[in-house]
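One file, final_29.txt, is given below (compact mmCIF, C-alpha atoms).
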# COMPACT_ATOMS: atom_id res chain seq x y z
CA MET A 1 -6.59 23.83 -77.57
CA GLU A 2 -3.98 21.59 -79.19
CA ASP A 3 -6.66 19.19 -80.47
CA HIS A 4 -8.20 21.99 -82.54
CA MET A 5 -4.99 23.24 -84.14
CA ALA A 6 -4.72 22.95 -87.92
CA SER A 7 -2.65 20.03 -89.14
CA THR A 8 0.86 20.95 -90.26
CA ILE A 9 3.44 19.27 -92.49
CA ALA A 10 5.25 18.25 -89.30
CA ASP A 11 2.03 16.60 -88.06
CA ASP A 12 1.61 14.76 -91.35
CA LEU A 13 5.22 13.61 -91.16
CA ALA A 14 4.89 12.33 -87.60
CA GLN A 15 1.59 10.54 -88.35
CA THR A 16 2.90 8.95 -91.55
CA LEU A 17 6.07 7.71 -89.88
CA ALA A 18 4.09 6.26 -86.98
CA ALA A 19 1.74 4.50 -89.41
CA ALA A 20 4.78 3.03 -91.17
CA GLY A 21 5.97 1.48 -87.91
CA VAL A 22 8.69 3.99 -87.06
CA THR A 23 9.16 4.20 -83.28
CA LYS A 24 12.18 6.48 -83.00
CA ILE A 25 13.97 9.33 -84.75
CA TRP A 26 17.71 9.79 -84.19
CA GLY A 27 19.10 13.32 -84.14
CA VAL A 28 19.71 16.64 -82.42
CA THR A 29 16.53 18.62 -81.95
CA GLY A 30 16.08 22.38 -82.12
CA ASP A 31 16.03 25.26 -84.61
CA SER A 32 14.26 24.25 -87.82
CA LEU A 33 13.26 20.90 -86.28
CA ASN A 34 11.21 22.53 -83.52
CA GLY A 35 7.96 22.02 -85.41
CA LEU A 36 8.64 18.30 -85.83
CA SER A 37 9.66 17.93 -82.18
CA ASP A 38 6.40 19.52 -81.08
CA SER A 39 4.37 17.31 -83.41
CA LEU A 40 6.07 14.19 -82.04
CA ARG A 41 5.24 15.37 -78.52
CA ARG A 42 1.57 15.99 -79.30
CA ILE A 43 0.92 12.97 -81.49
CA GLY A 44 2.96 10.45 -79.50
CA GLY A 45 4.15 7.01 -80.57
CA ILE A 46 7.61 8.08 -81.77
CA CYS A 47 10.50 8.70 -79.40
CA TRP A 48 13.16 11.30 -80.14
CA MET A 49 16.54 9.59 -79.65
CA HIS A 50 18.90 12.36 -78.57
CA THR A 51 22.48 12.26 -79.82
CA ARG A 52 25.28 14.74 -79.29
CA HIS A 53 26.12 14.96 -82.98
CA GLU A 54 24.07 14.34 -86.12
CA GLU A 55 26.75 12.06 -87.59
CA ALA A 56 26.17 9.68 -84.69
CA ALA A 57 22.44 9.88 -85.40
CA ALA A 58 22.86 8.75 -89.00
CA PHE A 59 25.13 5.87 -87.98
CA ALA A 60 22.66 4.87 -85.25
CA ALA A 61 19.78 4.86 -87.73
CA GLY A 62 21.86 2.70 -90.06
CA ALA A 63 22.60 0.25 -87.26
CA GLU A 64 18.92 0.09 -86.32
CA ALA A 65 17.90 -0.54 -89.94
CA ALA A 66 20.56 -3.24 -90.36
CA GLU A 67 19.50 -4.94 -87.12
CA THR A 68 15.73 -4.83 -87.66
CA GLY A 69 15.39 -4.74 -91.44
CA ARG A 70 12.80 -1.98 -91.02
CA LEU A 71 12.80 1.70 -91.90
CA ALA A 72 14.90 3.83 -89.53
CA VAL A 73 14.89 7.62 -89.40
CA CYS A 74 17.44 10.33 -88.59
CA ALA A 75 17.09 14.10 -88.71
CA GLY A 76 19.19 17.24 -88.81
CA SER A 77 18.31 20.93 -88.64
CA CYS A 78 19.13 23.40 -91.40
CA GLY A 79 22.71 24.12 -92.43
CA PRO A 80 25.43 22.29 -90.49
CA GLY A 81 22.84 20.23 -88.61
CA ASN A 82 21.80 18.12 -91.58
CA LEU A 83 25.23 18.41 -93.21
CA HIS A 84 26.65 16.40 -90.28
CA LEU A 85 24.45 13.47 -91.34
CA ILE A 86 26.39 12.87 -94.53
CA ASN A 87 29.10 10.44 -93.33
CA GLY A 88 26.54 8.17 -91.70
CA LEU A 89 24.25 8.36 -94.73
CA PHE A 90 27.07 7.30 -97.05
CA ASP A 91 27.56 4.29 -94.77
CA CYS A 92 23.83 3.51 -94.91
CA HIS A 93 23.76 3.91 -98.67
CA ARG A 94 26.72 1.59 -99.25
CA ASN A 95 25.25 -0.99 -96.87
CA HIS A 96 21.84 -0.84 -98.60
CA VAL A 97 19.86 -0.33 -95.38
CA PRO A 98 16.47 1.46 -95.34
CA VAL A 99 17.09 4.84 -93.73
CA LEU A 100 15.05 8.02 -94.16
CA ALA A 101 16.92 11.26 -93.45
CA ILE A 102 14.94 14.40 -92.64
CA ALA A 103 17.05 17.42 -93.61
CA ALA A 104 15.25 20.51 -92.34
CA GLN A 105 15.62 23.61 -94.51
CA ILE A 106 15.68 27.39 -94.05
CA PRO A 107 12.45 29.35 -94.74
CA SER A 108 11.48 28.62 -98.34
CA THR A 109 11.12 32.32 -99.12
CA GLU A 110 14.82 32.78 -98.28
CA ILE A 111 16.27 29.99 -100.44
CA GLY A 112 18.79 31.36 -102.92
CA LEU A 113 19.19 34.68 -101.11
CA GLY A 114 22.25 33.90 -99.00
CA TYR A 115 20.29 33.23 -95.82
CA PHE A 116 22.20 32.35 -92.63
CA GLN A 117 23.44 28.71 -92.80
CA GLU A 118 21.86 28.18 -96.22
CA THR A 119 22.81 24.92 -97.94
CA HIS A 120 21.19 22.79 -100.62
CA PRO A 121 20.60 19.33 -99.10
CA GLN A 122 19.03 17.96 -102.28
CA ALA A 123 22.40 18.43 -104.00
CA LEU A 124 24.61 17.52 -101.03
CA PHE A 125 22.90 14.18 -100.40
CA GLN A 126 22.48 13.15 -104.03
CA GLU A 127 25.37 10.67 -104.01
CA CYS A 128 24.38 8.96 -100.77
CA SER A 129 20.65 8.60 -101.47
CA HIS A 130 18.42 6.50 -103.68
CA TYR A 131 15.87 9.30 -103.62
CA VAL A 132 16.28 12.91 -102.54
CA GLU A 133 13.82 15.75 -102.98
CA LEU A 134 12.99 19.23 -101.71
CA VAL A 135 9.48 19.86 -100.38
CA THR A 136 8.26 23.40 -101.03
CA ASN A 137 4.53 23.18 -100.25
CA ALA A 138 2.11 21.15 -98.18
CA SER A 139 0.28 19.48 -101.08
CA GLN A 140 3.57 18.14 -102.44
CA PHE A 141 4.70 16.66 -99.12
CA PRO A 142 2.64 13.43 -98.78
CA ARG A 143 3.67 12.11 -102.21
CA VAL A 144 7.35 12.98 -101.71
CA LEU A 145 7.40 11.33 -98.28
CA GLU A 146 5.71 8.20 -99.59
CA ARG A 147 8.31 7.84 -102.35
CA ALA A 148 11.19 8.46 -99.98
CA MET A 149 9.94 5.79 -97.56
CA LEU A 150 9.46 3.22 -100.26
CA LEU A 151 13.12 3.49 -101.22
CA GLY A 152 14.31 1.91 -99.01
CA ASP A 153 28.43 8.47 -78.71
CA LEU A 154 28.99 7.49 -75.29
CA LEU A 155 26.72 10.16 -73.75
CA THR A 156 23.89 9.03 -75.99
CA ALA A 157 24.35 5.42 -74.88
CA ARG A 158 24.21 6.51 -71.24
CA GLN A 159 21.22 8.78 -71.65
CA LEU A 160 19.21 6.10 -73.45
CA ASP A 161 20.71 3.28 -71.35
CA LEU A 162 21.54 1.32 -74.51
CA PRO A 163 23.24 -2.06 -73.80
CA ILE A 164 26.13 -1.16 -76.09
CA LYS A 165 29.55 -2.70 -75.53
CA VAL A 166 32.52 -0.69 -76.78
CA ILE A 167 36.05 -2.07 -77.03
CA VAL A 168 38.81 0.50 -77.58
CA TYR A 169 42.16 -0.70 -78.90
CA ASN A 170 44.25 1.97 -77.23
CA ASN A 171 47.75 2.25 -78.69
CA SER A 172 48.07 6.02 -78.12
CA SER A 173 48.82 6.59 -81.79
CA LEU A 174 47.24 6.79 -85.21
CA GLY A 175 48.44 3.23 -85.76
CA PHE A 176 47.24 2.51 -89.28
CA VAL A 177 48.29 5.95 -90.46
CA ALA A 178 51.76 5.39 -88.98
CA MET A 179 52.02 1.97 -90.62
CA GLU A 180 51.02 3.39 -94.01
CA MET A 181 53.63 6.12 -93.66
CA MET A 182 56.36 3.63 -92.74
CA ALA A 183 55.37 1.31 -95.59
CA GLY A 184 55.72 4.31 -97.90
CA GLY A 185 59.19 5.09 -96.58
CA TYR A 186 58.17 8.11 -94.50
CA LEU A 187 58.84 8.90 -90.87
CA ASP A 188 55.63 8.50 -88.85
CA THR A 189 55.56 12.18 -87.95
CA GLY A 190 52.47 13.51 -86.21
CA THR A 191 50.92 10.12 -85.40
CA ASP A 192 51.63 9.93 -81.66
CA LEU A 193 48.70 10.70 -79.37
CA HIS A 194 48.61 11.62 -75.70
CA GLU A 195 48.07 8.51 -73.57
CA THR A 196 44.39 8.50 -72.67
CA ASP A 197 42.43 6.45 -70.13
CA PHE A 198 39.20 5.85 -72.04
CA ALA A 199 37.78 3.80 -69.18
CA ALA A 200 38.07 6.85 -66.91
CA ILE A 201 36.33 8.98 -69.55
CA ALA A 202 33.52 6.42 -69.71
CA ARG A 203 33.15 6.38 -65.94
CA GLY A 204 33.06 10.17 -65.94
CA ALA A 205 30.07 9.95 -68.29
CA GLY A 206 28.33 7.47 -65.98
CA ILE A 207 29.21 4.42 -68.09
CA HIS A 208 30.77 1.25 -66.72
CA GLY A 209 34.46 1.42 -67.70
CA LEU A 210 37.12 -1.31 -67.61
CA ARG A 211 40.82 -1.03 -68.49
CA VAL A 212 43.26 -3.82 -69.36
CA THR A 213 47.02 -3.32 -69.57
CA GLU A 214 48.14 -6.98 -69.51
CA SER A 215 47.05 -9.62 -72.04
CA GLU A 216 46.47 -12.21 -69.29
CA ALA A 217 43.63 -10.13 -67.87
CA LEU A 218 41.82 -9.70 -71.20
CA PRO A 219 39.57 -12.83 -71.23
CA ASP A 220 38.13 -12.07 -67.79
CA ALA A 221 37.63 -8.40 -68.68
CA ILE A 222 35.70 -9.32 -71.84
CA ARG A 223 33.44 -11.65 -69.83
CA LYS A 224 32.71 -8.84 -67.37
CA LEU A 225 32.08 -6.40 -70.22
CA LEU A 226 29.54 -8.66 -71.95
CA ALA A 227 27.82 -9.57 -68.68
CA TYR A 228 27.23 -5.95 -67.67
CA PRO A 229 23.51 -5.09 -68.14
CA GLY A 230 23.95 -1.53 -69.45
CA PRO A 231 26.38 0.41 -71.66
CA ALA A 232 30.00 -0.48 -70.96
CA LEU A 233 33.45 0.27 -72.36
CA LEU A 234 36.64 -1.79 -72.28
CA ASP A 235 39.91 0.10 -72.78
CA VAL A 236 42.51 -2.38 -74.07
CA VAL A 237 46.01 -0.88 -73.93
CA THR A 238 48.03 -2.29 -76.84
CA ASP A 239 51.61 -1.96 -78.04
CA LYS A 240 51.77 0.80 -80.63
CA HIS A 241 54.82 -0.83 -82.22
CA GLU A 242 53.00 -4.06 -83.04
CA LEU A 243 52.28 -4.20 -86.78
CA ALA A 244 49.18 -5.56 -88.48
CA MET A 245 50.78 -7.75 -91.11
CA PRO A 246 49.16 -8.04 -94.56
CA PRO A 247 48.48 -11.52 -96.02
CA LYS A 248 51.27 -10.97 -98.52
CA ILE A 249 54.21 -8.62 -98.16
CA GLU A 250 54.90 -6.83 -101.43
CA TRP A 251 58.37 -5.70 -102.52
CA ALA A 252 57.21 -2.09 -102.30
CA HIS A 253 56.31 -2.60 -98.61
CA ALA A 254 59.73 -4.05 -97.79
CA LYS A 255 61.44 -1.24 -99.68
CA GLY A 256 59.34 1.38 -97.92
CA PHE A 257 60.03 0.00 -94.45
CA SER A 258 63.75 -0.18 -95.20
CA LEU A 259 63.72 3.46 -96.25
CA TYR A 260 61.74 4.38 -93.13
CA MET A 261 64.26 2.63 -90.84
CA LEU A 262 67.16 4.36 -92.56
CA ARG A 263 65.51 7.77 -92.16
CA ALA A 264 64.64 7.01 -88.52
CA VAL A 265 68.24 6.11 -87.67
CA LEU A 266 69.58 9.20 -89.43
CA SER A 267 67.05 11.31 -87.51
CA GLY A 268 68.23 10.00 -84.15
CA ARG A 269 65.31 7.62 -83.69
CA GLY A 270 67.23 4.37 -83.84
CA ASP A 271 65.78 3.25 -80.50
CA GLU A 272 62.31 3.24 -82.10
CA VAL A 273 63.54 0.98 -84.90
CA LEU A 274 65.02 -1.39 -82.33
CA GLU A 275 61.80 -1.43 -80.30
CA LEU A 276 59.79 -2.04 -83.47
CA ALA A 277 61.96 -5.05 -84.32
CA GLN A 278 61.85 -6.46 -80.79
CA THR A 279 58.07 -6.15 -80.61
CA ASN A 280 57.35 -7.92 -83.90
CA LEU A 281 60.08 -10.60 -83.80
CA ARG A 282 59.43 -11.93 -80.31
Could I get this file's structure written as structure tokens?
Amino acid sequence: MEDHMASTIADDLAQTLAAAGVTKIWGVTGDSLNGLSDSLRRIGGICWMHTRHEEAAAFAAGAEAAETGRLAVCAGSCGPGNLHLINGLFDCHRNHVPVLAIAAQIPSTEIGLGYFQETHPQALFQECSHYVELVTNASQFPRVLERAMLLGDLLTARQLDLPIKVIVYNNSSLGFVAMEMMAGGYLDTGTDLHETDFAAIARGAGIHGLRVTESEALPDAIRKLLAYPGPALLDVVTDKHELAMPPKIEWAHAKGFSLYMLRAVLSGRGDEVLELAQTNLR
């Protein structure tokens, strides 16, 4: 029965992408992408690469394009589904890598009528695309797709068994944010995070997890991480008081840190100032 079904836009899309050498589409299936998912299943040749969030899909497509130099594809369903692609697409756009984003839309007869989860992707993605267009009928689709193609998560890694190696610098704080606040003379309020064992989280997801708390153990841990055949994560516990020093310390930085230390002492946090000094002067 399926062989005798009329060709759809989704079929044309799947066939064109396959002919262009695309072997995978990154994204979260469902909703307005159901037609495409079914076409991929029937036509074959392209694997749907499941992610837990569309932002990860766009970043993954960008990484694939950067690694291979070939067209990579990501997709998001209507509304928040394709909106989640935007951070990754900005990264792709700035890195000049060939990525095609498929932003599924609500029923065309409902556009402009306040339909559930209605957005306007052609406007939203304008600044992170070389070419962006809305397809409203089947005859328009092949030419739009051709032009678009010419312009040029831990659970996902486990599910696809990707040989990804992740190193987490775990200082249990928003370190760079705290440093910026201190350099500006502010107390680093709201930057402490609960101490988290990311290696345990990785193992809970079925991923090989390693944790290092002493610097002497780091070289051996890195060797084990790189030698592991599948996805693996190394949790490196670092000192949150250790500063990343700029190449040149400006007067404004020194003034800001002095003001921060004064405010910290007056707020009863003098022990933190002492620990900060001991960590960075040793």
**OP:** Just the residues within 8 Å of His208 (chain A), please, counting only C-alpha atoms, with nothing from its chain fewer than 4 positions along; format it as an MDAnalysis selection string.
**Re:** chainID A and resid 199 202:203 230:233
The selected residues should be written to file as a tab-separated table (two decimals), in the frame of the given file (atoms: C-alpha atoms).
chain	number	residue	atom	x	y	z
A	199	ALA	CA	37.78	3.80	-69.18
A	202	ALA	CA	33.52	6.42	-69.71
A	203	ARG	CA	33.15	6.38	-65.94
A	230	GLY	CA	23.95	-1.53	-69.45
A	231	PRO	CA	26.38	0.41	-71.66
A	232	ALA	CA	30.00	-0.48	-70.96
A	233	LEU	CA	33.45	0.27	-72.36
Original post:
Counting only C-alpha atoms, which residues come within 6 Å of (19.8, 2.9, -87.6), with the point read in the file's coordinates, and could you list them as a ChimeraX atom specification?
Top reply: /A:60-65,72
Dump as a PDB file, in the frame of the given file, selection limited to C-alpha atoms:
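result39.pdb, freshly written:
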ATOM      1  CA  ALA A  60      22.660   4.870 -85.250  1.00  0.00           C
ATOM      2  CA  ALA A  61      19.780   4.860 -87.730  1.00  0.00           C
ATOM      3  CA  GLY A  62      21.860   2.700 -90.060  1.00  0.00           C
ATOM      4  CA  ALA A  63      22.600   0.250 -87.260  1.00  0.00           C
ATOM      5  CA  GLU A  64      18.920   0.090 -86.320  1.00  0.00           C
ATOM      6  CA  ALA A  65      17.900  -0.540 -89.940  1.00  0.00           C
ATOM      7  CA  ALA A  72      14.900   3.830 -89.530  1.00  0.00           C
TER       8      ALA A  72
END
Subject >> Selected residue of minimal separation from Ala157 (chain A) among A:Thr51, A:Ala103, A:Val177, A:Pro98, counting all atoms listed in the file >> reply: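 Checking each candidate against Ala157 (chain A), we get A:Thr51 as the closest.
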Original post:
Quick one: distance from CA of Leu17 (chain A) to CA of Lys165 (chain A) in Å, one decimal?
Top reply: 29.4 Å
Original post:
If we count only C-alpha atoms, what is near Asn170 (chain A) at a cut-off of 6 Å, once residues fewer than 2 positions away on the same chain are taken out, given as a list in words?
Top reply: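 Here the qualifying residues turn out to be Val168, Ser172, Val236, Val237 and Thr238 of chain A.
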**OP:** Figure out the distance between CA of Gly184 (chain A) and CA of Ala264 (chain A), please, to one decimal in Å.
**Re:** 13.2 Å
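The two atoms in question, CA of Asn87 (chain A) and CA of Ala57 (chain A), are spaced 10.4 Å apart.
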Original post:
When distances are computed from only C-alpha atoms, which of A:Val166, A:Arg269, A:Arg94, A:Ala183 shows the smallest separation from His130 (chain A)?
Top reply: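 Under the stated criterion, the closest residue is A:Arg94.
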Original post:
Nearest to Asp235 (chain A) among A:Lys255, A:Lys248, A:Arg211, A:Lys24, with distances taken over all atoms listed in the file: which residue is it?
Top reply: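 Ranking A:Lys255, A:Lys248, A:Arg211, A:Lys24 by distance to Asp235 (chain A), first place goes to A:Arg211.
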**OP:** Please provide the set of residues having any atom within 9 Å of Gly44 (chain A), restricted to all atoms listed in the file, with same-chain residues fewer than 2 positions apart removed, written as a ChimeraX atom specification.
**Re:** /A:14-15,18,39-42,46-47
Original post:
Pick from A:Leu83, A:Ala20, A:Ile207, A:Leu225: nearest to Leu160 (chain A), with all atoms listed in the file counted?
Top reply: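 The closest residue to Leu160 (chain A) is A:Ile207.
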**OP:** Kindly extract all protein, DNA and RNA residues lying within 12 Å of the coordinates (24.5, 5.1, -92.5) given in the file, considering all atoms listed in the file, and supply them as a count of residues only.
**Re:** 37
